[in-house]
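Asker: Sending over data-v5.txt (compact mmCIF, C-alpha atoms and all ligand atoms).
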# COMPACT_ATOMS: atom_id res chain seq x y z
CA MET C 1 33.27 2.65 -15.36
CA SER C 2 35.01 3.70 -18.54
CA VAL C 3 34.19 5.35 -21.88
CA THR C 4 35.25 3.82 -25.19
CA ILE C 5 34.88 5.27 -28.69
CA LEU C 6 34.16 2.59 -31.30
CA LYS C 7 36.29 4.00 -34.12
CA ASP C 8 34.62 2.00 -36.89
CA LYS C 9 31.23 3.48 -35.98
CA CYS C 10 32.31 7.07 -35.27
CA ARG C 11 31.34 9.43 -38.13
CA GLY C 12 33.18 12.46 -36.74
CA CYS C 13 29.94 14.44 -36.36
CA ARG C 14 31.30 16.27 -33.25
CA LEU C 15 27.97 16.00 -31.37
CA CYS C 16 29.77 14.39 -28.44
CA LEU C 17 32.22 17.29 -28.29
CA LYS C 18 29.34 19.69 -27.83
CA ALA C 19 27.63 17.43 -25.31
CA CYS C 20 30.66 16.89 -23.06
CA PRO C 21 30.43 19.27 -20.09
CA PHE C 22 34.09 18.63 -19.17
CA ASP C 23 35.76 19.37 -22.51
CA ALA C 24 37.11 15.83 -22.43
CA ILE C 25 36.68 14.95 -26.11
CA LYS C 26 38.75 16.14 -29.07
CA MET C 27 38.91 15.17 -32.76
CA GLU C 28 41.88 13.27 -34.20
CA ASP C 29 41.89 12.16 -37.83
CA GLY C 30 38.14 12.82 -38.06
CA LYS C 31 37.28 10.61 -35.09
CA ALA C 32 36.40 11.45 -31.50
CA VAL C 33 39.06 10.74 -28.85
CA ILE C 34 38.57 10.78 -25.09
CA ASN C 35 40.93 12.69 -22.81
CA TYR C 36 40.77 10.43 -19.77
CA ASP C 37 42.39 13.07 -17.53
CA LYS C 38 39.30 15.20 -17.91
CA CYS C 39 36.60 12.54 -18.39
CA THR C 40 34.33 12.00 -15.39
CA ASN C 41 32.38 9.09 -16.95
CA CYS C 42 29.20 11.13 -16.78
CA GLY C 43 27.76 9.48 -19.91
CA ALA C 44 26.65 12.72 -21.62
CA CYS C 45 28.60 11.78 -24.76
CA GLU C 46 26.92 8.38 -24.99
CA ALA C 47 23.50 10.00 -24.76
CA SER C 48 24.34 12.46 -27.54
CA CYS C 49 25.75 9.94 -30.02
CA ARG C 50 23.44 9.02 -32.89
CA PHE C 51 25.59 6.19 -34.23
CA GLU C 52 26.02 4.04 -31.11
CA SER C 53 29.76 4.62 -31.35
CA ILE C 54 30.28 5.45 -27.66
CA LEU C 55 30.19 2.79 -25.01
CA VAL C 56 30.04 3.62 -21.31
CA GLU C 57 30.65 0.62 -19.08
CA ARG C 58 29.06 1.05 -15.71
CA GLU C 59 30.00 -0.91 -12.65
CA GLU C 60 27.06 -2.21 -10.71
CA LYS C 61 26.59 0.08 -7.76
CA LYS C 62 27.38 -1.67 -4.54
CA THR C 63 25.23 -0.74 -1.57
CA GLY C 64 27.71 -2.01 0.96
CA ILE C 65 24.86 -3.38 3.03
CA ASP C 66 25.31 -6.66 4.83
CA LEU C 67 21.89 -8.14 4.08
CA SER C 68 22.45 -11.04 6.45
CA ALA C 69 22.52 -8.61 9.38
CA TYR C 70 18.80 -7.92 8.89
CA LYS C 71 16.32 -10.31 10.46
CA GLY C 72 12.65 -10.34 11.37
CA VAL C 73 9.40 -8.91 10.05
CA TRP C 74 7.90 -5.74 11.50
CA VAL C 75 4.37 -4.45 11.33
CA PHE C 76 3.58 -0.82 12.16
CA ALA C 77 0.84 -0.98 14.80
CA GLU C 78 -1.12 2.19 14.15
CA GLN C 79 -3.18 3.56 17.00
CA ARG C 80 -5.23 6.70 17.16
CA LEU C 81 -6.31 8.14 20.49
CA GLY C 82 -5.34 4.85 22.13
CA LYS C 83 -7.39 2.69 19.77
CA LEU C 84 -5.66 0.25 17.47
CA MET C 85 -6.56 0.61 13.78
CA PHE C 86 -8.27 -2.45 12.31
CA THR C 87 -5.74 -2.46 9.47
CA SER C 88 -2.94 -3.20 11.92
CA LEU C 89 -4.68 -6.46 12.84
CA GLU C 90 -4.96 -7.37 9.16
CA LEU C 91 -1.25 -6.67 8.72
CA LEU C 92 -0.39 -8.83 11.71
CA GLY C 93 -2.26 -11.73 10.05
CA GLU C 94 -0.22 -11.25 6.88
CA GLY C 95 3.01 -10.55 8.76
CA ARG C 96 2.55 -13.82 10.65
CA LYS C 97 2.50 -15.76 7.35
CA LEU C 98 5.59 -13.95 6.05
CA ALA C 99 7.53 -14.41 9.28
CA ASP C 100 6.63 -18.12 9.42
CA LYS C 101 7.82 -18.63 5.84
CA LEU C 102 11.13 -16.97 6.72
CA GLY C 103 11.32 -18.70 10.10
CA VAL C 104 11.78 -15.39 11.93
CA GLU C 105 10.09 -13.33 14.64
CA LEU C 106 7.09 -11.08 13.93
CA SER C 107 7.26 -7.78 15.79
CA ALA C 108 4.58 -5.11 16.09
CA VAL C 109 6.01 -1.60 16.44
CA LEU C 110 3.75 0.47 18.67
CA LEU C 111 4.32 4.20 19.21
CA GLY C 112 2.18 6.31 21.53
CA TYR C 113 1.81 7.58 25.07
CA GLU C 114 0.48 5.28 27.77
CA VAL C 115 -1.20 2.90 25.37
CA ASP C 116 0.12 -0.17 27.23
CA GLY C 117 -3.26 -1.93 26.91
CA ILE C 118 -2.75 -2.38 23.18
CA CYS C 119 0.40 -4.51 23.63
CA GLU C 120 -1.45 -7.66 24.70
CA GLU C 121 -3.97 -7.22 21.87
CA LEU C 122 -1.14 -7.21 19.34
CA ILE C 123 0.22 -10.46 20.74
CA HIS C 124 -3.25 -12.05 20.72
CA PHE C 125 -3.52 -11.22 17.02
CA GLY C 126 -0.18 -12.77 16.01
CA ALA C 127 2.84 -10.73 17.16
CA ASP C 128 5.73 -12.54 18.86
CA ARG C 129 7.09 -9.27 20.18
CA VAL C 130 5.80 -5.76 20.69
CA ILE C 131 8.41 -3.03 20.36
CA TYR C 132 6.76 -0.35 22.43
CA ALA C 133 7.94 3.28 22.24
CA ASN C 134 6.09 5.13 24.98
CA HIS C 135 6.68 8.88 25.06
CA ARG C 136 4.65 12.03 25.67
CA LEU C 137 5.76 13.43 22.31
CA LEU C 138 4.35 10.37 20.55
CA GLN C 139 0.83 10.83 21.90
CA ASN C 140 -0.34 12.34 18.61
CA TYR C 141 1.05 11.36 15.25
CA THR C 142 3.62 13.71 13.78
CA THR C 143 5.65 12.91 10.69
CA ASP C 144 8.89 14.08 12.28
CA GLY C 145 8.48 12.31 15.61
CA TYR C 146 7.29 8.96 14.30
CA THR C 147 9.83 8.92 11.45
CA LYS C 148 12.73 9.61 13.78
CA VAL C 149 11.78 7.01 16.35
CA ILE C 150 11.09 4.26 13.82
CA ALA C 151 14.17 5.03 11.70
CA ASP C 152 16.32 4.91 14.87
CA LEU C 153 14.76 1.60 15.88
CA ILE C 154 15.35 0.11 12.43
CA ASN C 155 18.98 1.23 12.45
CA GLU C 156 19.42 -0.39 15.84
CA LYS C 157 17.46 -3.62 15.43
CA ARG C 158 17.61 -4.20 11.66
CA PRO C 159 14.43 -5.93 10.53
CA GLU C 160 14.49 -7.41 7.03
CA ALA C 161 10.97 -6.26 6.17
CA MET C 162 8.46 -3.75 7.46
CA ILE C 163 4.82 -3.44 6.45
CA VAL C 164 2.64 -0.42 7.09
CA GLY C 165 -1.09 0.11 6.50
CA ALA C 166 -1.86 2.41 3.56
CA THR C 167 -3.96 4.64 5.79
CA ASN C 168 -3.58 8.43 5.75
CA ILE C 169 -0.92 8.14 8.44
CA GLY C 170 0.79 5.11 6.86
CA ARG C 171 0.96 6.81 3.47
CA ASP C 172 2.68 9.77 5.10
CA LEU C 173 4.99 7.83 7.37
CA ALA C 174 6.29 4.90 5.29
CA PRO C 175 7.88 6.94 2.46
CA ARG C 176 9.58 9.21 5.00
CA ILE C 177 11.14 6.24 6.76
CA ALA C 178 12.15 4.63 3.46
CA ALA C 179 13.80 7.84 2.24
CA ARG C 180 15.63 8.33 5.51
CA LEU C 181 16.99 4.78 5.40
CA ASN C 182 17.73 4.90 1.67
CA THR C 183 15.62 1.84 0.97
CA GLY C 184 12.75 1.03 -1.39
CA LEU C 185 9.03 1.12 -0.71
CA THR C 186 6.19 -0.42 -2.67
CA ALA C 187 2.98 1.49 -2.01
CA ASP C 188 -0.53 0.09 -1.96
CA CYS C 189 0.31 -3.60 -2.20
CA THR C 190 -2.55 -6.03 -2.64
CA LYS C 191 -0.47 -9.18 -2.15
CA LEU C 192 2.72 -10.04 -0.30
CA ASP C 193 4.73 -13.24 -0.39
CA ILE C 194 8.23 -14.57 0.18
CA ASP C 195 10.60 -15.90 -2.45
CA GLU C 196 11.81 -18.72 -0.25
CA GLU C 197 14.95 -19.39 -2.27
CA GLN C 198 16.24 -15.82 -2.15
CA ARG C 199 14.43 -14.95 1.13
CA ILE C 200 13.09 -11.72 -0.29
CA LEU C 201 9.71 -10.04 -0.03
CA LEU C 202 7.56 -10.17 -3.16
CA GLN C 203 5.42 -7.04 -3.21
CA THR C 204 2.53 -7.11 -5.66
CA ARG C 205 0.37 -4.14 -6.60
CA PRO C 206 -1.80 -3.07 -9.54
CA ALA C 207 0.04 -1.07 -12.20
CA PHE C 208 -0.88 0.75 -15.41
CA GLY C 209 -4.38 1.69 -14.31
CA GLY C 210 -5.00 -1.70 -12.75
CA ASN C 211 -4.56 -3.59 -16.01
CA ILE C 212 -1.56 -5.59 -14.82
CA MET C 213 -0.25 -6.75 -11.47
CA ALA C 214 3.40 -5.86 -10.89
CA THR C 215 5.58 -7.78 -8.43
CA ILE C 216 8.31 -5.57 -7.04
CA VAL C 217 11.36 -6.61 -5.03
CA THR C 218 13.97 -4.78 -3.00
CA PRO C 219 16.97 -7.10 -3.39
CA LYS C 220 19.83 -4.83 -2.30
CA HIS C 221 18.49 -2.58 0.44
CA ARG C 222 16.96 -3.18 3.83
CA PRO C 223 14.42 -3.16 5.24
CA GLN C 224 12.12 -4.15 2.40
CA MET C 225 9.17 -1.85 2.89
CA ALA C 226 5.58 -2.03 1.69
CA THR C 227 2.30 -0.33 2.45
CA VAL C 228 -0.84 -2.45 2.19
CA ARG C 229 -4.31 -1.16 1.52
CA PRO C 230 -6.81 -1.55 4.36
CA GLY C 231 -9.24 -4.42 3.82
CA VAL C 232 -6.92 -6.50 1.64
CA MET C 233 -5.34 -8.87 4.16
CA LYS C 234 -7.15 -11.14 6.58
CA LYS C 235 -6.72 -10.75 10.31
CA LEU C 236 -6.21 -13.84 12.45
CA GLU C 237 -8.79 -14.96 14.99
CA MET C 238 -7.94 -13.51 18.38
CA ASP C 239 -6.08 -16.06 20.49
CA LYS C 240 -5.90 -15.00 24.12
CA SER C 241 -3.59 -17.89 24.97
CA ARG C 242 -0.81 -16.54 22.72
CA LYS C 243 2.26 -15.39 24.60
CA GLY C 244 4.79 -12.83 23.48
CA ILE C 245 7.34 -10.31 24.66
CA VAL C 246 6.62 -6.65 25.28
CA GLU C 247 9.88 -4.75 24.85
CA SER C 248 9.71 -1.16 26.06
CA VAL C 249 12.34 0.82 24.20
CA LYS C 250 14.07 4.02 25.18
CA VAL C 251 12.91 6.91 23.02
CA LYS C 252 15.44 9.56 22.04
CA LEU C 253 13.15 12.44 21.10
CA ASN C 254 12.86 16.05 22.12
CA GLU C 255 10.63 18.94 21.13
CA ASP C 256 13.20 20.32 18.68
CA ASP C 257 12.97 17.12 16.62
CA ILE C 258 9.33 17.84 15.79
CA ARG C 259 8.52 20.84 13.61
CA VAL C 260 4.75 20.58 14.06
CA ASN C 261 2.87 21.27 17.23
CA VAL C 262 -0.45 19.42 17.46
CA GLU C 263 -2.79 21.71 19.41
CA GLU C 264 -5.95 19.67 19.19
CA VAL C 265 -7.27 16.59 17.40
CA VAL C 266 -10.71 17.27 15.93
CA LYS C 267 -12.69 14.36 14.57
CA SER C 268 -14.39 14.89 11.22
CA ALA C 269 -18.01 15.94 11.83
CA LYS C 270 -19.01 13.92 8.79
CA GLN C 271 -20.14 10.37 9.43
CA ILE C 272 -17.77 8.27 7.35
CA VAL C 273 -19.09 4.92 6.19
CA ASN C 274 -17.13 1.95 7.52
CA LEU C 275 -16.91 -0.24 4.45
CA ILE C 276 -13.79 -2.07 5.59
CA GLU C 277 -15.38 -3.77 8.58
CA ALA C 278 -18.89 -4.19 7.09
CA GLN C 279 -20.27 -7.72 6.74
CA TYR C 280 -22.94 -6.76 4.19
CA ILE C 281 -22.40 -4.18 1.44
CA VAL C 282 -24.95 -3.16 -1.16
CA SER C 283 -23.32 -1.10 -3.91
CA GLY C 284 -24.89 1.00 -6.62
CA GLY C 285 -23.40 2.05 -9.93
CA ARG C 286 -24.19 4.13 -12.97
CA GLY C 287 -27.02 1.70 -13.72
CA LEU C 288 -29.03 3.46 -10.98
CA GLY C 289 -29.53 6.24 -13.50
CA ASN C 290 -29.89 8.99 -10.88
CA PRO C 291 -28.82 9.84 -7.32
CA GLU C 292 -32.27 8.97 -5.89
CA GLY C 293 -31.52 5.35 -6.77
CA PHE C 294 -29.24 5.21 -3.72
CA LYS C 295 -32.35 5.47 -1.48
CA LEU C 296 -33.35 2.03 -2.72
CA ILE C 297 -29.80 0.73 -2.25
CA LYS C 298 -29.79 2.07 1.33
CA GLU C 299 -33.12 0.43 2.04
CA LEU C 300 -31.69 -2.97 1.11
CA ALA C 301 -28.46 -2.28 3.03
CA ASP C 302 -30.48 -1.29 6.14
CA ALA C 303 -32.67 -4.39 5.87
CA LEU C 304 -29.51 -6.53 5.86
CA GLY C 305 -27.80 -4.51 8.59
CA GLY C 306 -25.13 -3.46 6.13
CA VAL C 307 -23.74 -0.33 4.47
CA VAL C 308 -23.88 1.34 1.08
CA GLY C 309 -21.01 1.12 -1.40
CA SER C 310 -20.68 2.48 -4.89
CA SER C 311 -18.74 2.38 -8.12
CA ARG C 312 -16.53 5.27 -9.13
CA ALA C 313 -18.93 6.22 -11.92
CA ALA C 314 -21.60 6.99 -9.32
CA VAL C 315 -19.10 9.00 -7.24
CA ASP C 316 -17.86 10.91 -10.28
CA ALA C 317 -21.47 11.72 -11.19
CA GLY C 318 -21.80 13.34 -7.76
CA TRP C 319 -24.52 10.91 -6.64
CA ILE C 320 -22.67 9.77 -3.50
CA SER C 321 -19.52 10.74 -1.59
CA HIS C 322 -16.10 9.20 -2.25
CA ASP C 323 -15.93 7.40 1.10
CA HIS C 324 -18.50 4.94 -0.34
CA GLN C 325 -16.36 4.07 -3.35
CA VAL C 326 -15.17 0.50 -3.71
CA GLY C 327 -12.26 -0.36 -5.96
CA GLN C 328 -8.73 0.45 -6.90
CA THR C 329 -9.01 4.12 -6.03
CA GLY C 330 -11.61 3.52 -3.36
CA LYS C 331 -11.78 0.97 -0.55
CA THR C 332 -10.88 -2.69 -0.70
CA VAL C 333 -13.59 -4.72 0.99
CA ARG C 334 -14.18 -8.35 1.85
CA PRO C 335 -17.67 -8.62 3.38
CA LYS C 336 -19.68 -11.80 3.84
CA VAL C 337 -22.08 -10.60 1.13
CA TYR C 338 -21.48 -7.98 -1.58
CA ILE C 339 -24.47 -7.02 -3.74
CA ALA C 340 -23.56 -5.07 -6.90
CA CYS C 341 -26.54 -3.26 -8.43
CA GLY C 342 -26.16 -1.69 -11.86
CA ILE C 343 -22.36 -2.06 -11.82
CA SER C 344 -20.69 -3.38 -14.97
CA GLY C 345 -17.66 -4.93 -13.21
CA ALA C 346 -14.71 -2.94 -14.56
CA ILE C 347 -11.34 -4.37 -13.47
CA GLN C 348 -10.77 -1.37 -11.18
CA HIS C 349 -14.04 -2.09 -9.36
CA LEU C 350 -13.35 -5.83 -9.12
CA ALA C 351 -9.93 -5.07 -7.59
CA GLY C 352 -11.74 -3.76 -4.52
CA MET C 353 -14.42 -6.41 -3.97
CA GLN C 354 -13.58 -9.72 -5.57
CA SER C 355 -12.38 -11.24 -2.29
CA SER C 356 -15.88 -10.94 -0.79
CA ASP C 357 -17.18 -14.27 0.53
CA CYS C 358 -20.35 -14.15 -1.58
CA ILE C 359 -21.00 -11.82 -4.53
CA ILE C 360 -24.49 -11.18 -5.87
CA ALA C 361 -24.77 -9.15 -9.09
CA ILE C 362 -27.89 -7.53 -10.48
CA ASN C 363 -27.48 -6.21 -14.00
CA LYS C 364 -29.77 -6.03 -17.00
CA ASN C 365 -26.93 -6.91 -19.37
CA PRO C 366 -26.32 -10.71 -19.27
CA ASP C 367 -22.80 -10.15 -20.65
CA ALA C 368 -21.72 -7.67 -17.96
CA PRO C 369 -18.23 -8.66 -16.64
CA ILE C 370 -19.49 -8.50 -13.05
CA PHE C 371 -21.17 -11.88 -13.65
CA SER C 372 -17.74 -13.49 -14.12
CA VAL C 373 -16.96 -12.98 -10.41
CA ALA C 374 -20.51 -13.36 -9.08
CA ASP C 375 -21.63 -16.37 -7.04
CA TYR C 376 -25.24 -15.46 -7.85
CA GLY C 377 -26.20 -13.41 -10.91
CA ILE C 378 -29.62 -11.88 -11.48
CA VAL C 379 -30.22 -10.59 -15.01
CA GLY C 380 -32.86 -7.91 -14.72
CA ASP C 381 -33.80 -4.35 -13.95
CA LEU C 382 -32.50 -3.45 -10.49
CA TYR C 383 -35.58 -1.30 -9.89
CA LYS C 384 -37.66 -4.49 -10.09
CA VAL C 385 -35.22 -6.90 -8.42
CA VAL C 386 -34.08 -4.82 -5.42
CA PRO C 387 -37.61 -4.13 -4.05
CA MET C 388 -38.30 -7.88 -4.22
CA LEU C 389 -35.09 -8.58 -2.28
CA ILE C 390 -35.99 -5.99 0.36
CA GLU C 391 -39.39 -7.59 0.82
CA GLU C 392 -37.90 -11.07 1.17
CA VAL C 393 -35.24 -9.94 3.65
CA LYS C 394 -37.88 -8.20 5.75
CA LYS C 395 -40.04 -11.32 5.69
CA LEU C 396 -37.11 -13.44 6.89
CA LYS C 397 -36.58 -11.06 9.78
CA GLU C 398 -40.18 -11.23 10.97
P1 LIG C 401 -20.87 1.38 -16.04
O1 LIG C 401 -19.63 0.72 -16.46
O2 LIG C 401 -21.46 2.40 -16.89
O3 LIG C 401 -21.93 0.22 -15.77
C1 LIG C 401 -23.28 0.42 -15.52
C2 LIG C 401 -23.95 -0.95 -15.54
O4 LIG C 401 -25.30 -0.81 -15.12
C3 LIG C 401 -23.99 -1.60 -16.92
O5 LIG C 401 -23.40 -2.87 -16.83
C4 LIG C 401 -25.47 -1.68 -17.26
O6 LIG C 401 -25.80 -2.87 -17.97
C5 LIG C 401 -26.11 -1.71 -15.88
N1 LIG C 401 -27.48 -1.19 -15.83
C6 LIG C 401 -27.96 -0.04 -16.38
N2 LIG C 401 -29.25 0.15 -16.01
C7 LIG C 401 -29.58 -0.90 -15.21
C8 LIG C 401 -30.76 -1.28 -14.51
N3 LIG C 401 -31.85 -0.50 -14.53
N4 LIG C 401 -30.75 -2.42 -13.81
C9 LIG C 401 -29.63 -3.21 -13.76
N5 LIG C 401 -28.48 -2.89 -14.39
C10 LIG C 401 -28.46 -1.75 -15.09
N6 LIG C 401 -14.20 2.21 -10.70
C11 LIG C 401 -14.65 1.83 -9.50
O7 LIG C 401 -15.80 1.39 -9.35
N7 LIG C 401 -13.82 1.92 -8.42
C12 LIG C 401 -12.56 2.38 -8.49
O8 LIG C 401 -11.88 2.47 -7.46
C13 LIG C 401 -12.06 2.78 -9.76
N8 LIG C 401 -10.80 3.22 -9.89
C14 LIG C 401 -10.34 3.53 -11.14
C15 LIG C 401 -9.00 3.87 -11.31
C16 LIG C 401 -8.51 4.16 -12.57
C17 LIG C 401 -7.05 4.49 -12.72
C18 LIG C 401 -9.37 4.10 -13.68
C19 LIG C 401 -8.85 4.38 -15.05
C20 LIG C 401 -10.70 3.77 -13.52
C21 LIG C 401 -11.21 3.48 -12.26
N9 LIG C 401 -12.54 3.14 -12.08
C22 LIG C 401 -12.96 2.71 -10.86
C23 LIG C 401 -13.56 3.28 -13.15
C24 LIG C 401 -13.91 2.00 -13.84
O9 LIG C 401 -13.00 1.78 -14.91
C25 LIG C 401 -15.34 2.05 -14.42
O10 LIG C 401 -15.45 3.17 -15.27
C26 LIG C 401 -16.42 2.16 -13.34
O11 LIG C 401 -16.24 1.16 -12.38
C27 LIG C 401 -17.79 1.98 -14.00
O12 LIG C 401 -18.79 2.14 -13.05
P2 LIG C 401 -20.17 1.44 -13.24
O13 LIG C 401 -20.01 -0.04 -13.32
O14 LIG C 401 -21.09 1.97 -12.20
O15 LIG C 401 -20.70 2.05 -14.61
Is it possible to give me this structure as structure tokens?
Answerer:
Amino acid sequence: MSVTILKDKCRGCRLCLKACPFDAIKMEDGKAVINYDKCTNCGACEASCRFESILVEREEKKTGIDLSAYKGVWVFAEQRLGKLMFTSLELLGEGRKLADKLGVELSAVLLGYEVDGICEELIHFGADRVIYANHRLLQNYTTDGYTKVIADLINEKRPEAMIVGATNIGRDLAPRIAARLNTGLTADCTKLDIDEEQRILLQTRPAFGGNIMATIVTPKHRPQMATVRPGVMKKLEMDKSRKGIVESVKVKLNEDDIRVNVEEVVKSAKQIVNLIEAQYIVSGGRGLGNPEGFKLIKELADALGGVVGSSRAAVDAGWISHDHQVGQTGKTVRPKVYIACGISGAIQHLAGMQSSDCIIAINKNPDAPIFSVADYGIVGDLYKVVPMLIEEVKKLKE
């Protein structure tokens, strides 16, 4: 890197003299001159110049990383109290596709204490290998413990990519690991792919309030890391004939490595709606007009054996709790049937439900954008249409 003064452009305004923290610029014949003994190439002079008369040439920073030493795709297999999170199965399905495109092994990284039973499950859902860290101090999730163990494993085994579910734990863990390893992380991806020519991970996520999709790459650092929202990827069918390797790894962890002591795990007393795994979702929006409208929505959801979803407008109005919200800042769902009642179909709502197998929209405005993604559209007042649907569903059940 070096600094050059373009003499023909310099006006002798002395702004760069004032800006230089190292007293490395002086005036000669009305023009700025650099004293290279003092100059540190910090670029402060370039930033201060109003006449584009200072040029700072920067060398591209070399990471010194041998990218070819990194191989394989890893999925963080998140378990809580010995039960594997559904999202981990979805990530295995996606990880399988990525690993196959790269022609490499797919590994599930499982941390916990005596959760051996999960290993086979991970193989049945797509993993070639389970890297199993079994340790008393990993029984409950702690940021310190999990970060240390996974960062150590990555340094030792060098995977080229690692994907983590954007759950509460995943959102805490993945950035810690990325920062420790000095690599990049794309949060909340909705699509992953491989650039087969360059063999890099293409990480796509909504940006600018969901108005564009940005594809982000990590070309110079490893591993390439991404978190993926629950409900976005598709899990594979369980295949009990699949065979894989369970590799128990030695865990170097002691109590001093963990600054938090988990005394007790208390489950939330509140019943949280499970939108992610639901097959039928009936969602209500601002078109309900009042919170009581959700009673009707629930009646239809119950008749179908499904659950209640909502738009953000209904959540913001205080008509229903946030755990029902579908969309960019809510849950991403892919049920067999999604019924949108009184929802206009803003892009942020569509981002969370447009992968549903069948979408039915009820809206009194024939031009509502929701109809552009609907398989069946009913133009009408939801307070007339929904009771008719409930009656028909009940009849079918009799
Ligand atoms: P409206 O847009 O007001 O639509 C109401 C609809 O009801 C209208 O189409 C109307 O014709 C219809 N209607 C009215 N009365 C009746 C009736 N009696 N019968 C039938 N139809 C009727 N939104 C989400 O949903 N999820 C998100 O996760 C989300 N995240 C966001 C993130 C960001 C960064 C931003 C900026 C916005 C986000 N939003 C999200 C908000 C989103 O932009 C919309 O404002 C919201 O989805 C609108 O909700 P709605 O469709 O219920 O209300």
Asker: Distance limit 7 Å, reference ligand LIG 401 (chain C), atoms considered: only C-alpha atoms and all ligand atoms. Which residues make the cut? Give them as JSON, numbers by chain.
Answerer: {"C": [209, 210, 284, 285, 286, 287, 288, 289, 310, 311, 312, 313, 314, 325, 326, 327, 328, 329, 330, 341, 342, 343, 344, 345, 346, 347, 348, 349, 352, 362, 363, 364, 365, 368, 380, 381, 382, 383]}
Asker: Take the residues from that selection and write them out as a PDB file, in the frame of the given file, keeping C-alpha atoms.
Answerer:
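part.pdb, freshly written:
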ATOM      1  CA  GLY C 209      -4.380   1.690 -14.310  1.00  0.00           C
ATOM      2  CA  GLY C 210      -5.000  -1.700 -12.750  1.00  0.00           C
ATOM      3  CA  GLY C 284     -24.890   1.000  -6.620  1.00  0.00           C
ATOM      4  CA  GLY C 285     -23.400   2.050  -9.930  1.00  0.00           C
ATOM      5  CA  ARG C 286     -24.190   4.130 -12.970  1.00  0.00           C
ATOM      6  CA  GLY C 287     -27.020   1.700 -13.720  1.00  0.00           C
ATOM      7  CA  LEU C 288     -29.030   3.460 -10.980  1.00  0.00           C
ATOM      8  CA  GLY C 289     -29.530   6.240 -13.500  1.00  0.00           C
ATOM      9  CA  SER C 310     -20.680   2.480  -4.890  1.00  0.00           C
ATOM     10  CA  SER C 311     -18.740   2.380  -8.120  1.00  0.00           C
ATOM     11  CA  ARG C 312     -16.530   5.270  -9.130  1.00  0.00           C
ATOM     12  CA  ALA C 313     -18.930   6.220 -11.920  1.00  0.00           C
ATOM     13  CA  ALA C 314     -21.600   6.990  -9.320  1.00  0.00           C
ATOM     14  CA  GLN C 325     -16.360   4.070  -3.350  1.00  0.00           C
ATOM     15  CA  VAL C 326     -15.170   0.500  -3.710  1.00  0.00           C
ATOM     16  CA  GLY C 327     -12.260  -0.360  -5.960  1.00  0.00           C
ATOM     17  CA  GLN C 328      -8.730   0.450  -6.900  1.00  0.00           C
ATOM     18  CA  THR C 329      -9.010   4.120  -6.030  1.00  0.00           C
ATOM     19  CA  GLY C 330     -11.610   3.520  -3.360  1.00  0.00           C
ATOM     20  CA  CYS C 341     -26.540  -3.260  -8.430  1.00  0.00           C
ATOM     21  CA  GLY C 342     -26.160  -1.690 -11.860  1.00  0.00           C
ATOM     22  CA  ILE C 343     -22.360  -2.060 -11.820  1.00  0.00           C
ATOM     23  CA  SER C 344     -20.690  -3.380 -14.970  1.00  0.00           C
ATOM     24  CA  GLY C 345     -17.660  -4.930 -13.210  1.00  0.00           C
ATOM     25  CA  ALA C 346     -14.710  -2.940 -14.560  1.00  0.00           C
ATOM     26  CA  ILE C 347     -11.340  -4.370 -13.470  1.00  0.00           C
ATOM     27  CA  GLN C 348     -10.770  -1.370 -11.180  1.00  0.00           C
ATOM     28  CA  HIS C 349     -14.040  -2.090  -9.360  1.00  0.00           C
ATOM     29  CA  GLY C 352     -11.740  -3.760  -4.520  1.00  0.00           C
ATOM     30  CA  ILE C 362     -27.890  -7.530 -10.480  1.00  0.00           C
ATOM     31  CA  ASN C 363     -27.480  -6.210 -14.000  1.00  0.00           C
ATOM     32  CA  LYS C 364     -29.770  -6.030 -17.000  1.00  0.00           C
ATOM     33  CA  ASN C 365     -26.930  -6.910 -19.370  1.00  0.00           C
ATOM     34  CA  ALA C 368     -21.720  -7.670 -17.960  1.00  0.00           C
ATOM     35  CA  GLY C 380     -32.860  -7.910 -14.720  1.00  0.00           C
ATOM     36  CA  ASP C 381     -33.800  -4.350 -13.950  1.00  0.00           C
ATOM     37  CA  LEU C 382     -32.500  -3.450 -10.490  1.00  0.00           C
ATOM     38  CA  TYR C 383     -35.580  -1.300  -9.890  1.00  0.00           C
TER      39      TYR C 383
END
Asker: Given all atoms listed in the file, how would the per-residue table for stretch 198-225 of chain C near stretch 177-193 of chain C read, listing every residue at most 9 Å away with its closest atom pair and distance in Å to one decimal, sorted by chain and number, as a tab-separated table?
Answerer:
residue	atom	partner	partner_atom	distance
C:Ile200	CA	C:Asp193	CA	8.5
C:Leu201	CA	C:Asp193	CA	5.9
C:Leu202	CA	C:Asp193	CA	5.0
C:Gln203	CA	C:Leu192	CA	5.0
C:Thr204	CA	C:Lys191	CA	5.1
C:Arg205	CA	C:Cys189	CA	4.4
C:Pro206	CA	C:Thr190	CA	7.5
C:Thr215	CA	C:Lys191	CA	8.8
C:Ile216	CA	C:Thr186	CA	7.1
C:Val217	CA	C:Thr186	CA	8.4
C:Thr218	CA	C:Gly184	CA	6.2
C:Lys220	CA	C:Thr183	CA	8.5
C:His221	CA	C:Thr183	CA	5.3
C:Arg222	CA	C:Thr183	CA	5.9
C:Pro223	CA	C:Thr183	CA	6.7
C:Gln224	CA	C:Gly184	CA	6.4
C:Met225	CA	C:Leu185	CA	4.7
Asker: For C:Cys10, find every residue with an atom within 7 Å (counting only C-alpha atoms), except residues of its own chain fewer than 3 positions away, and show them as a list in words.
Answerer: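 The residues satisfying every condition are Leu6, Lys7, Lys31, Phe51 and Ser53 of chain C.
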Asker: Export, as an mmCIF file, in the frame of the given file, the selected residues with C-alpha atoms.
Answerer:
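The resulting out_9.cif:
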data_model
loop_
_atom_site.group_PDB
_atom_site.id
_atom_site.type_symbol
_atom_site.label_atom_id
_atom_site.label_comp_id
_atom_site.auth_asym_id
_atom_site.auth_seq_id
_atom_site.Cartn_x
_atom_site.Cartn_y
_atom_site.Cartn_z
ATOM 1 C CA LEU C 6 34.160 2.590 -31.300
ATOM 2 C CA LYS C 7 36.290 4.000 -34.120
ATOM 3 C CA LYS C 31 37.280 10.610 -35.090
ATOM 4 C CA PHE C 51 25.590 6.190 -34.230
ATOM 5 C CA SER C 53 29.760 4.620 -31.350
#
